[in-house]
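For reference, input_29.cif is printed below; it contains mmCIF, C-alpha atoms.
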data_work
loop_
_atom_site.group_PDB
_atom_site.id
_atom_site.type_symbol
_atom_site.label_atom_id
_atom_site.label_comp_id
_atom_site.auth_asym_id
_atom_site.auth_seq_id
_atom_site.Cartn_x
_atom_site.Cartn_y
_atom_site.Cartn_z
ATOM 1 C CA GLN A 29 0.000 0.000 0.000
ATOM 2 C CA SER A 30 2.583 2.552 -1.037
ATOM 3 C CA ALA A 31 1.328 6.089 -1.619
ATOM 4 C CA LEU A 32 0.712 7.206 -5.174
ATOM 5 C CA THR A 33 3.328 9.690 -6.422
ATOM 6 C CA GLN A 34 2.379 13.295 -7.082
ATOM 7 C CA PRO A 35 4.580 16.348 -7.668
ATOM 8 C CA ALA A 36 5.036 18.318 -4.453
ATOM 9 C CA SER A 37 4.025 21.568 -6.079
ATOM 10 C CA VAL A 38 2.599 23.001 -9.286
ATOM 11 C CA SER A 39 2.073 26.662 -10.055
ATOM 12 C CA GLY A 40 0.451 28.757 -12.721
ATOM 13 C CA SER A 41 -0.846 32.219 -13.485
ATOM 14 C CA PRO A 42 -4.512 33.118 -13.456
ATOM 15 C CA GLY A 43 -6.232 31.931 -16.611
ATOM 16 C CA GLN A 44 -3.602 29.331 -17.407
ATOM 17 C CA SER A 45 -4.108 25.552 -17.318
ATOM 18 C CA ILE A 46 -2.111 23.224 -15.120
ATOM 19 C CA THR A 47 -1.916 19.452 -14.877
ATOM 20 C CA ILE A 48 -1.185 17.390 -11.776
ATOM 21 C CA SER A 49 0.077 13.860 -12.315
ATOM 22 C CA CYS A 50 -0.535 10.862 -10.075
ATOM 23 C CA THR A 51 1.617 7.802 -10.679
ATOM 24 C CA GLY A 52 0.720 4.385 -9.361
ATOM 25 C CA THR A 53 1.272 0.787 -10.362
ATOM 26 C CA SER A 54 -0.425 -1.953 -12.297
ATOM 27 C CA GLY A 55 -1.964 -3.028 -9.011
ATOM 28 C CA ASP A 56 -3.966 0.157 -8.582
ATOM 29 C CA ILE A 57 -4.266 2.910 -11.224
ATOM 30 C CA GLY A 58 -3.076 0.671 -14.049
ATOM 31 C CA ASP A 59 -5.689 -2.006 -13.610
ATOM 32 C CA TYR A 60 -8.750 -0.144 -12.363
ATOM 33 C CA ASN A 61 -10.713 2.993 -13.179
ATOM 34 C CA TYR A 62 -11.372 3.855 -9.541
ATOM 35 C CA VAL A 63 -9.278 7.016 -9.489
ATOM 36 C CA SER A 64 -10.595 10.031 -7.612
ATOM 37 C CA TRP A 65 -9.267 13.533 -6.926
ATOM 38 C CA TYR A 66 -9.745 15.820 -3.902
ATOM 39 C CA GLN A 67 -9.153 19.496 -3.210
ATOM 40 C CA GLN A 68 -8.285 20.613 0.314
ATOM 41 C CA HIS A 69 -7.927 24.222 1.348
ATOM 42 C CA PRO A 70 -5.848 24.890 4.506
ATOM 43 C CA GLY A 71 -7.742 23.877 7.615
ATOM 44 C CA LYS A 72 -10.684 22.642 5.581
ATOM 45 C CA VAL A 73 -12.257 19.309 4.733
ATOM 46 C CA PRO A 74 -11.283 17.557 1.471
ATOM 47 C CA LYS A 75 -13.745 17.987 -1.384
ATOM 48 C CA LEU A 76 -14.335 15.399 -4.105
ATOM 49 C CA LEU A 77 -13.562 16.808 -7.570
ATOM 50 C CA ILE A 78 -13.385 13.727 -9.787
ATOM 51 C CA TYR A 79 -14.335 10.049 -9.398
ATOM 52 C CA ASP A 80 -13.974 7.023 -11.673
ATOM 53 C CA VAL A 81 -11.054 8.758 -13.444
ATOM 54 C CA SER A 82 -13.054 11.458 -15.212
ATOM 55 C CA ASN A 83 -16.528 11.898 -13.691
ATOM 56 C CA ARG A 84 -17.408 15.149 -11.971
ATOM 57 C CA PRO A 85 -19.955 15.201 -9.138
ATOM 58 C CA SER A 86 -22.745 17.699 -9.564
ATOM 59 C CA GLY A 87 -21.690 21.162 -8.452
ATOM 60 C CA VAL A 88 -18.014 20.749 -9.346
ATOM 61 C CA SER A 89 -16.765 23.217 -11.927
ATOM 62 C CA SER A 90 -16.149 21.962 -15.464
ATOM 63 C CA ARG A 91 -12.729 23.598 -15.194
ATOM 64 C CA PHE A 92 -11.621 20.411 -13.448
ATOM 65 C CA SER A 93 -10.959 17.433 -15.715
ATOM 66 C CA GLY A 94 -9.533 13.980 -15.048
ATOM 67 C CA SER A 95 -7.873 11.412 -17.276
ATOM 68 C CA LYS A 96 -5.703 8.332 -17.139
ATOM 69 C CA SER A 97 -3.010 6.705 -19.244
ATOM 70 C CA GLY A 98 -1.448 3.452 -18.134
ATOM 71 C CA THR A 99 -0.405 3.751 -14.498
ATOM 72 C CA THR A 100 -0.637 7.557 -14.395
ATOM 73 C CA ALA A 101 -3.739 9.598 -13.731
ATOM 74 C CA SER A 102 -3.944 13.344 -14.284
ATOM 75 C CA LEU A 103 -6.020 16.255 -13.063
ATOM 76 C CA THR A 104 -6.140 19.325 -15.286
ATOM 77 C CA ILE A 105 -7.390 22.651 -14.024
ATOM 78 C CA TYR A 106 -8.405 24.983 -16.847
ATOM 79 C CA GLY A 107 -8.637 28.744 -16.446
ATOM 80 C CA LEU A 108 -6.768 28.787 -13.139
ATOM 81 C CA GLN A 109 -8.333 31.034 -10.507
ATOM 82 C CA ALA A 110 -7.076 32.357 -7.170
ATOM 83 C CA GLU A 111 -9.572 30.145 -5.336
ATOM 84 C CA ASP A 112 -7.915 27.051 -6.842
ATOM 85 C CA GLU A 113 -4.892 27.554 -4.610
ATOM 86 C CA ALA A 114 -5.051 24.475 -2.364
ATOM 87 C CA ASP A 115 -3.670 20.990 -1.843
ATOM 88 C CA TYR A 116 -4.805 18.291 -4.249
ATOM 89 C CA TYR A 117 -4.813 14.537 -3.623
ATOM 90 C CA CYS A 118 -5.452 11.631 -5.934
ATOM 91 C CA SER A 119 -6.703 8.267 -4.719
ATOM 92 C CA SER A 120 -7.110 4.838 -6.219
ATOM 93 C CA TYR A 121 -8.979 1.728 -5.167
ATOM 94 C CA SER A 122 -7.603 -1.716 -5.856
ATOM 95 C CA THR A 123 -10.113 -4.541 -6.077
ATOM 96 C CA SER A 124 -7.308 -7.064 -5.708
ATOM 97 C CA THR A 125 -6.190 -5.750 -2.315
ATOM 98 C CA THR A 126 -9.590 -4.196 -1.469
ATOM 99 C CA THR A 127 -7.834 -1.112 -0.152
ATOM 100 C CA TYR A 128 -7.535 2.538 -1.060
ATOM 101 C CA VAL A 129 -4.325 4.481 -1.450
ATOM 102 C CA PHE A 130 -3.930 8.240 -1.577
ATOM 103 C CA GLY A 131 -1.340 10.266 -3.411
ATOM 104 C CA THR A 132 1.401 12.230 -1.691
ATOM 105 C CA GLY A 133 -0.405 15.495 -2.387
ATOM 106 C CA THR A 134 0.315 18.513 -4.585
ATOM 107 C CA LYS A 135 0.272 22.130 -3.477
ATOM 108 C CA VAL A 136 -1.097 24.349 -6.221
ATOM 109 C CA THR A 137 0.013 27.972 -6.159
ATOM 110 C CA VAL A 138 -1.635 30.666 -8.241
ATOM 111 C CA LEU A 139 1.019 33.217 -9.105
ATOM 112 C CA GLN B 26 -29.211 18.479 4.837
ATOM 113 C CA LEU B 27 -26.514 15.846 4.590
ATOM 114 C CA GLN B 28 -24.225 15.830 7.604
ATOM 115 C CA LEU B 29 -21.444 13.728 9.041
ATOM 116 C CA VAL B 30 -20.355 14.630 12.560
ATOM 117 C CA GLU B 31 -17.413 12.912 14.221
ATOM 118 C CA SER B 32 -16.830 12.755 17.952
ATOM 119 C CA GLY B 33 -14.658 10.957 20.473
ATOM 120 C CA GLY B 34 -11.238 12.388 19.720
ATOM 121 C CA GLY B 35 -8.864 13.568 22.403
ATOM 122 C CA LEU B 36 -5.546 13.024 24.140
ATOM 123 C CA VAL B 37 -4.553 9.442 24.938
ATOM 124 C CA GLU B 38 -1.325 7.873 26.167
ATOM 125 C CA PRO B 39 0.662 5.461 23.997
ATOM 126 C CA GLY B 40 -0.795 1.977 24.281
ATOM 127 C CA GLY B 41 -4.203 3.351 25.137
ATOM 128 C CA SER B 42 -7.552 3.090 23.394
ATOM 129 C CA LEU B 43 -10.105 5.480 21.972
ATOM 130 C CA ARG B 44 -13.462 5.057 20.282
ATOM 131 C CA LEU B 45 -14.520 7.463 17.561
ATOM 132 C CA SER B 46 -18.082 7.852 16.376
ATOM 133 C CA CYS B 47 -19.601 9.416 13.274
ATOM 134 C CA ALA B 48 -23.266 10.432 13.258
ATOM 135 C CA ALA B 49 -24.847 10.619 9.814
ATOM 136 C CA SER B 50 -27.994 12.416 8.722
ATOM 137 C CA GLY B 51 -29.718 13.643 5.582
ATOM 138 C CA PHE B 52 -29.278 10.539 3.436
ATOM 139 C CA THR B 53 -30.123 6.844 3.313
ATOM 140 C CA PHE B 54 -27.323 5.670 5.552
ATOM 141 C CA ASN B 55 -27.523 1.928 4.962
ATOM 142 C CA ALA B 56 -27.200 2.444 1.206
ATOM 143 C CA HIS B 57 -23.644 3.714 1.476
ATOM 144 C CA TYR B 58 -20.232 2.293 2.213
ATOM 145 C CA MET B 59 -18.468 4.382 4.875
ATOM 146 C CA SER B 60 -14.769 4.964 5.482
ATOM 147 C CA TRP B 61 -12.467 6.395 8.097
ATOM 148 C CA ILE B 62 -9.569 8.455 6.746
ATOM 149 C CA ARG B 63 -6.910 10.254 8.775
ATOM 150 C CA GLN B 64 -4.461 13.078 8.301
ATOM 151 C CA ALA B 65 -1.379 13.499 10.478
ATOM 152 C CA PRO B 66 -0.447 17.117 11.276
ATOM 153 C CA GLY B 67 0.939 18.764 8.157
ATOM 154 C CA LYS B 68 0.777 15.495 6.220
ATOM 155 C CA GLY B 69 -1.352 13.871 3.548
ATOM 156 C CA LEU B 70 -4.461 11.726 3.662
ATOM 157 C CA GLU B 71 -4.360 8.085 4.701
ATOM 158 C CA TRP B 72 -7.274 5.712 4.227
ATOM 159 C CA ILE B 73 -7.820 3.490 7.277
ATOM 160 C CA SER B 74 -10.880 1.315 6.844
ATOM 161 C CA TYR B 75 -14.217 0.914 5.114
ATOM 162 C CA ILE B 76 -17.426 -0.944 5.833
ATOM 163 C CA THR B 77 -20.176 -1.828 3.373
ATOM 164 C CA GLY B 78 -23.749 -0.657 3.797
ATOM 165 C CA SER B 79 -24.909 -3.869 5.420
ATOM 166 C CA GLY B 80 -21.851 -4.000 7.651
ATOM 167 C CA ARG B 81 -21.065 -7.517 6.498
ATOM 168 C CA THR B 82 -17.837 -6.638 4.684
ATOM 169 C CA ILE B 83 -14.951 -4.717 6.202
ATOM 170 C CA TYR B 84 -11.442 -3.858 5.043
ATOM 171 C CA TYR B 85 -8.450 -2.239 6.750
ATOM 172 C CA ALA B 86 -5.164 -0.643 5.823
ATOM 173 C CA ASP B 87 -2.126 -2.663 6.846
ATOM 174 C CA SER B 88 -1.078 0.093 9.272
ATOM 175 C CA VAL B 89 -4.120 -0.443 11.507
ATOM 176 C CA ARG B 90 -5.230 -4.028 10.860
ATOM 177 C CA GLY B 91 -5.438 -5.930 14.135
ATOM 178 C CA ARG B 92 -5.562 -2.736 16.230
ATOM 179 C CA PHE B 93 -8.563 -0.843 14.851
ATOM 180 C CA THR B 94 -12.130 -2.094 14.409
ATOM 181 C CA ILE B 95 -14.795 -0.408 12.319
ATOM 182 C CA SER B 96 -18.489 -1.021 12.929
ATOM 183 C CA ARG B 97 -21.818 0.556 12.064
ATOM 184 C CA ASP B 98 -25.313 0.744 13.513
ATOM 185 C CA ASN B 99 -27.776 1.375 10.709
ATOM 186 C CA ALA B 100 -30.607 1.859 13.183
ATOM 187 C CA LYS B 101 -28.723 4.787 14.715
ATOM 188 C CA ASN B 102 -27.120 6.005 11.453
ATOM 189 C CA SER B 103 -23.654 5.843 12.942
ATOM 190 C CA VAL B 104 -20.263 4.352 12.174
ATOM 191 C CA ASP B 105 -17.631 3.821 14.841
ATOM 192 C CA LEU B 106 -13.886 3.240 14.935
ATOM 193 C CA GLN B 107 -12.467 1.441 17.944
ATOM 194 C CA MET B 108 -8.739 2.155 18.172
ATOM 195 C CA ASN B 109 -6.496 0.051 20.430
ATOM 196 C CA ARG B 110 -2.756 -0.057 21.124
ATOM 197 C CA LEU B 111 -2.357 3.507 19.931
ATOM 198 C CA THR B 112 1.059 4.932 19.080
ATOM 199 C CA ALA B 113 2.332 8.423 18.312
ATOM 200 C CA GLU B 114 2.035 7.580 14.604
ATOM 201 C CA ASP B 115 -1.750 7.418 15.035
ATOM 202 C CA THR B 116 -1.912 11.118 15.901
ATOM 203 C CA GLY B 117 -3.966 13.164 13.491
ATOM 204 C CA VAL B 118 -7.394 14.327 12.407
ATOM 205 C CA TYR B 119 -9.776 11.462 11.744
ATOM 206 C CA PHE B 120 -12.476 11.963 9.134
ATOM 207 C CA CYS B 121 -15.449 9.792 8.404
ATOM 208 C CA ALA B 122 -16.479 9.839 4.776
ATOM 209 C CA ARG B 123 -19.385 8.588 2.698
ATOM 210 C CA GLN B 124 -18.470 6.568 -0.364
ATOM 211 C CA ILE B 125 -19.854 6.308 -3.871
ATOM 212 C CA ALA B 126 -19.536 2.524 -3.751
ATOM 213 C CA VAL B 127 -15.771 2.105 -4.302
ATOM 214 C CA ALA B 128 -15.471 5.070 -6.671
ATOM 215 C CA GLY B 129 -14.551 7.749 -4.150
ATOM 216 C CA PHE B 130 -15.444 9.693 -1.023
ATOM 217 C CA ASP B 131 -18.144 12.239 -1.801
ATOM 218 C CA ARG B 132 -18.975 13.640 1.637
ATOM 219 C CA TRP B 133 -16.659 14.195 4.590
ATOM 220 C CA GLY B 134 -17.193 15.094 8.208
ATOM 221 C CA GLN B 135 -15.310 17.954 9.850
ATOM 222 C CA GLY B 136 -12.945 15.538 11.547
ATOM 223 C CA THR B 137 -11.958 14.832 15.125
ATOM 224 C CA LEU B 138 -8.419 15.241 16.462
ATOM 225 C CA VAL B 139 -6.656 12.313 18.086
ATOM 226 C CA THR B 140 -3.405 13.007 19.916
ATOM 227 C CA VAL B 141 -1.319 10.125 21.225
ATOM 228 C CA SER B 142 1.244 11.410 23.678
ATOM 229 C CA SER B 143 2.516 10.845 27.181
#
Structure rendered as structure tokens:
Amino acid sequence: QSALTQPASVSGSPGQSITISCTGTSGDIGDYNYVSWYQQHPGKVPKLLIYDVSNRPSGVSSRFSGSKSGTTASLTIYGLQAEDEADYYCSSYSTSTTTYVFGTGTKVTVL
Amino acid sequence: QLQLVESGGGLVEPGGSLRLSCAASGFTFNAHYMSWIRQAPGKGLEWISYITGSGRTIYYADSVRGRFTISRDNAKNSVDLQMNRLTAEDTGVYFCARQIAVAGFDRWGQGTLVTVSS
């Protein structure tokens, strides 16, 4: 149950697009489409942005988009806004181990 | 409206025990898997355990298996986490979260702080 690998930080200017990667293994991201993404502002509760790789819950902005290729999942934020400055975590479920694993987390800074 | 409210956190000595509880409201509780997830101070998220809607199936992370026990009472709309043999590494904020089956965690409680220290 090793953590998924994310870049420690990603930054961008308002209006730009950024992509956060999340690298796992064939035992989690590679074999299953149970990847989800969360946004957490300092001192706040995590918020679900994406589930099942690319599905957005109702109420989540269409500026957030998820995808997957092989053992790497990605979250793209389009039209970066000041309010997007937060920590972002990916997560994957493995039906073989019946466990979840979270990513190491990425701090997004809006320049 | 939908709410998850955790309780039971506090200061406990190493080797001690604590029982956390999560009270749910505003949704059909027994239709959802529920998880406990924790976050050490200044660190990332760590999934601990989940229980299916019926309570018949339970899974744990390796880091807590054999020490922690998850349970639920669908009549009371609550899910508990019994934590035994606590160590300093168990310190953190503990969240209960509602699941979309196994797809993700769509609602989170505010969390309850557990501090293991002598």
Which residues of chain A have any atom within 6 Å of an atom in chain B when counting all atoms listed in the file, and what is the closest pair of atoms for each, with the distance in Å to one decimal? Order the rows by chain and rising number and write it as a Markdown table.
| residue | atom | partner | partner_atom | distance |
| --- | --- | --- | --- | --- |
| A:Tyr62 | CA | B:Ala128 | CA | 5.1 |
| A:Ser64 | CA | B:Gly129 | CA | 5.7 |
| A:Leu76 | CA | B:Asp131 | CA | 5.5 |
| A:Tyr79 | CA | B:Gly129 | CA | 5.7 |
| A:Asp80 | CA | B:Ala128 | CA | 5.6 |
Query raised in the report: Near A:Thr99, within 7 Å and counting all atoms listed in the file, which residues show up once chain neighbours fewer than 3 positions away are dropped, as a VMD selection string?
Result: chain A and resid 51 to 54 57 to 58
Query raised in the report: What is the distance, in Å and to one decimal place, between atom CA of B:Ser96 and atom CA of B:Ser79?
Result: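 Computing the Euclidean distance for atom CA of B:Ser96 and atom CA of B:Ser79 yields 10.3 Å.
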Query - Reference answer for the PyMOL selection byres ((chain A and resi 90) around 12), as JSON, numbers by chain - result: {"A": [77, 78, 82, 83, 84, 85, 86, 87, 88, 89, 91, 92, 93, 94, 103, 104, 105, 106, 107, 108]}
Using all atoms of stretch 104-120 of chain A listed in the file and a margin of 8 Å per side, can you give the axis-aligned box centre and edge lengths in Å to one decimal, as lines of an AutoDock Vina configuration file?
center_x = -6.6
center_y = 18.6
center_z = -9.3
size_x = 21.9
size_y = 43.5
size_z = 31.0
Query - Computed interatomic separation between atom CA of A:Gly40 and atom CA of A:Ser102 (Å) - result: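 Taking atom CA of A:Gly40 and atom CA of A:Ser102, their separation equals 16.1 Å.
Nearest residue to A:Tyr66, choosing from A:Ala36, A:Val138, A:Ala31, A:Ala114 and counting all atoms listed in the file: A:Ala114.
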Report task. Could you give me, as a PyMOL selection string, the residues within 9 Å of stretch 46-60 of chain B, counting all atoms listed in the file and dropping anything in the same chain fewer than 4 positions from it? Result -> chain B and resi 26-34+72-80+95+97-107+120-127+130+134
Report task. To verify the selection step, state as a list of chain:residue names which residues the PyMOL selection byres ((chain A and resi 127-137) around 6) yields on this input. Result -> A:Ala31, A:Leu32, A:Thr33, A:Gln34, A:Pro35, A:Ala36, A:Ser37, A:Val38, A:Ser39, A:Glu113, A:Ala114, A:Asp115, A:Tyr116, A:Tyr117, A:Cys118, A:Ser119, A:Ser120, A:Tyr121, A:Ser122, A:Thr125, A:Thr126, A:Val138
Requested in this report: Rounded to one decimal place, report the atom CA of B:Ser143-atom CA of B:Met108 distance in Å.
Outcome: 16.8 Å
Requested in this report: Just say which residues the PyMOL selection byres ((chain B and resi 35-41) around 9) picks in this file, as an MDAnalysis selection string.
Outcome: chainID B and resid 33:34 42:43 108:113 137:143
Got time to write the residues from that selection, C-alpha atoms, as a PDB file, keeping the file's coordinate frame?
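Saved file part.pdb follows:
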ATOM      1  CA  GLY B  33     -14.658  10.957  20.473  1.00  0.00           C
ATOM      2  CA  GLY B  34     -11.238  12.388  19.720  1.00  0.00           C
ATOM      3  CA  SER B  42      -7.552   3.090  23.394  1.00  0.00           C
ATOM      4  CA  LEU B  43     -10.105   5.480  21.972  1.00  0.00           C
ATOM      5  CA  MET B 108      -8.739   2.155  18.172  1.00  0.00           C
ATOM      6  CA  ASN B 109      -6.496   0.051  20.430  1.00  0.00           C
ATOM      7  CA  ARG B 110      -2.756  -0.057  21.124  1.00  0.00           C
ATOM      8  CA  LEU B 111      -2.357   3.507  19.931  1.00  0.00           C
ATOM      9  CA  THR B 112       1.059   4.932  19.080  1.00  0.00           C
ATOM     10  CA  ALA B 113       2.332   8.423  18.312  1.00  0.00           C
ATOM     11  CA  THR B 137     -11.958  14.832  15.125  1.00  0.00           C
ATOM     12  CA  LEU B 138      -8.419  15.241  16.462  1.00  0.00           C
ATOM     13  CA  VAL B 139      -6.656  12.313  18.086  1.00  0.00           C
ATOM     14  CA  THR B 140      -3.405  13.007  19.916  1.00  0.00           C
ATOM     15  CA  VAL B 141      -1.319  10.125  21.225  1.00  0.00           C
ATOM     16  CA  SER B 142       1.244  11.410  23.678  1.00  0.00           C
ATOM     17  CA  SER B 143       2.516  10.845  27.181  1.00  0.00           C
TER      18      SER B 143
END
Output requested as an mmCIF file, in the frame of the given file - stretch 43-63 of chain B, filled out with N, CA, C and O atoms.
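Everything below was put into rebuild_1.cif:
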data_model
loop_
_atom_site.group_PDB
_atom_site.id
_atom_site.type_symbol
_atom_site.label_atom_id
_atom_site.label_comp_id
_atom_site.auth_asym_id
_atom_site.auth_seq_id
_atom_site.Cartn_x
_atom_site.Cartn_y
_atom_site.Cartn_z
ATOM 1 N N LEU B 43 -9.156 4.393 22.200
ATOM 2 C CA LEU B 43 -10.105 5.480 21.972
ATOM 3 C C LEU B 43 -11.161 4.964 21.018
ATOM 4 O O LEU B 43 -10.866 4.144 20.135
ATOM 5 N N ARG B 44 -12.387 5.436 21.197
ATOM 6 C CA ARG B 44 -13.462 5.057 20.282
ATOM 7 C C ARG B 44 -14.026 6.303 19.628
ATOM 8 O O ARG B 44 -14.509 7.199 20.318
ATOM 9 N N LEU B 45 -13.957 6.351 18.313
ATOM 10 C CA LEU B 45 -14.520 7.463 17.561
ATOM 11 C C LEU B 45 -15.898 7.077 17.044
ATOM 12 O O LEU B 45 -16.162 5.915 16.754
ATOM 13 N N SER B 46 -16.752 8.085 16.909
ATOM 14 C CA SER B 46 -18.082 7.852 16.376
ATOM 15 C C SER B 46 -18.400 8.903 15.319
ATOM 16 O O SER B 46 -17.922 10.037 15.390
ATOM 17 N N CYS B 47 -19.182 8.514 14.343
ATOM 18 C CA CYS B 47 -19.601 9.416 13.274
ATOM 19 C C CYS B 47 -21.113 9.301 13.132
ATOM 20 O O CYS B 47 -21.624 8.222 12.811
ATOM 21 N N ALA B 48 -21.809 10.407 13.380
ATOM 22 C CA ALA B 48 -23.266 10.432 13.258
ATOM 23 C C ALA B 48 -23.643 10.990 11.896
ATOM 24 O O ALA B 48 -23.199 12.074 11.523
ATOM 25 N N ALA B 49 -24.454 10.235 11.167
ATOM 26 C CA ALA B 49 -24.847 10.619 9.814
ATOM 27 C C ALA B 49 -26.308 11.039 9.779
ATOM 28 O O ALA B 49 -27.144 10.505 10.515
ATOM 29 N N SER B 50 -26.611 11.994 8.911
ATOM 30 C CA SER B 50 -27.994 12.416 8.722
ATOM 31 C C SER B 50 -28.167 12.996 7.327
ATOM 32 O O SER B 50 -27.192 13.391 6.690
ATOM 33 N N GLY B 51 -29.411 13.012 6.863
ATOM 34 C CA GLY B 51 -29.718 13.643 5.582
ATOM 35 C C GLY B 51 -29.598 12.755 4.364
ATOM 36 O O GLY B 51 -29.715 13.233 3.240
ATOM 37 N N PHE B 52 -29.337 11.458 4.574
ATOM 38 C CA PHE B 52 -29.278 10.539 3.436
ATOM 39 C C PHE B 52 -29.602 9.126 3.924
ATOM 40 O O PHE B 52 -29.669 8.868 5.133
ATOM 41 N N THR B 53 -29.811 8.228 2.978
ATOM 42 C CA THR B 53 -30.123 6.844 3.313
ATOM 43 C C THR B 53 -28.843 6.138 3.724
ATOM 44 O O THR B 53 -28.071 5.660 2.889
ATOM 45 N N PHE B 54 -28.613 6.095 5.013
ATOM 46 C CA PHE B 54 -27.323 5.670 5.552
ATOM 47 C C PHE B 54 -26.954 4.252 5.132
ATOM 48 O O PHE B 54 -25.815 4.000 4.707
ATOM 49 N N ASN B 55 -27.884 3.321 5.220
ATOM 50 C CA ASN B 55 -27.523 1.928 4.962
ATOM 51 C C ASN B 55 -27.277 1.626 3.482
ATOM 52 O O ASN B 55 -26.906 0.513 3.121
ATOM 53 N N ALA B 56 -27.453 2.626 2.634
ATOM 54 C CA ALA B 56 -27.200 2.444 1.206
ATOM 55 C C ALA B 56 -25.762 2.774 0.828
ATOM 56 O O ALA B 56 -25.369 2.617 -0.329
ATOM 57 N N HIS B 57 -24.992 3.238 1.784
ATOM 58 C CA HIS B 57 -23.644 3.714 1.476
ATOM 59 C C HIS B 57 -22.557 2.996 2.257
ATOM 60 O O HIS B 57 -22.706 2.737 3.462
ATOM 61 N N TYR B 58 -21.456 2.682 1.541
ATOM 62 C CA TYR B 58 -20.232 2.293 2.213
ATOM 63 C C TYR B 58 -19.743 3.525 2.983
ATOM 64 O O TYR B 58 -19.957 4.667 2.569
ATOM 65 N N MET B 59 -19.046 3.298 4.080
ATOM 66 C CA MET B 59 -18.468 4.382 4.875
ATOM 67 C C MET B 59 -17.010 4.070 5.184
ATOM 68 O O MET B 59 -16.643 2.917 5.412
ATOM 69 N N SER B 60 -16.202 5.112 5.205
ATOM 70 C CA SER B 60 -14.769 4.964 5.482
ATOM 71 C C SER B 60 -14.333 5.882 6.611
ATOM 72 O O SER B 60 -14.974 6.899 6.889
ATOM 73 N N TRP B 61 -13.224 5.507 7.227
ATOM 74 C CA TRP B 61 -12.467 6.395 8.097
ATOM 75 C C TRP B 61 -11.142 6.701 7.390
ATOM 76 O O TRP B 61 -10.490 5.786 6.869
ATOM 77 N N ILE B 62 -10.785 7.961 7.388
ATOM 78 C CA ILE B 62 -9.569 8.455 6.746
ATOM 79 C C ILE B 62 -8.905 9.404 7.733
ATOM 80 O O ILE B 62 -9.597 10.163 8.421
ATOM 81 N N ARG B 63 -7.591 9.368 7.835
ATOM 82 C CA ARG B 63 -6.910 10.254 8.775
ATOM 83 C C ARG B 63 -5.862 11.103 8.087
ATOM 84 O O ARG B 63 -5.420 10.811 6.982
#
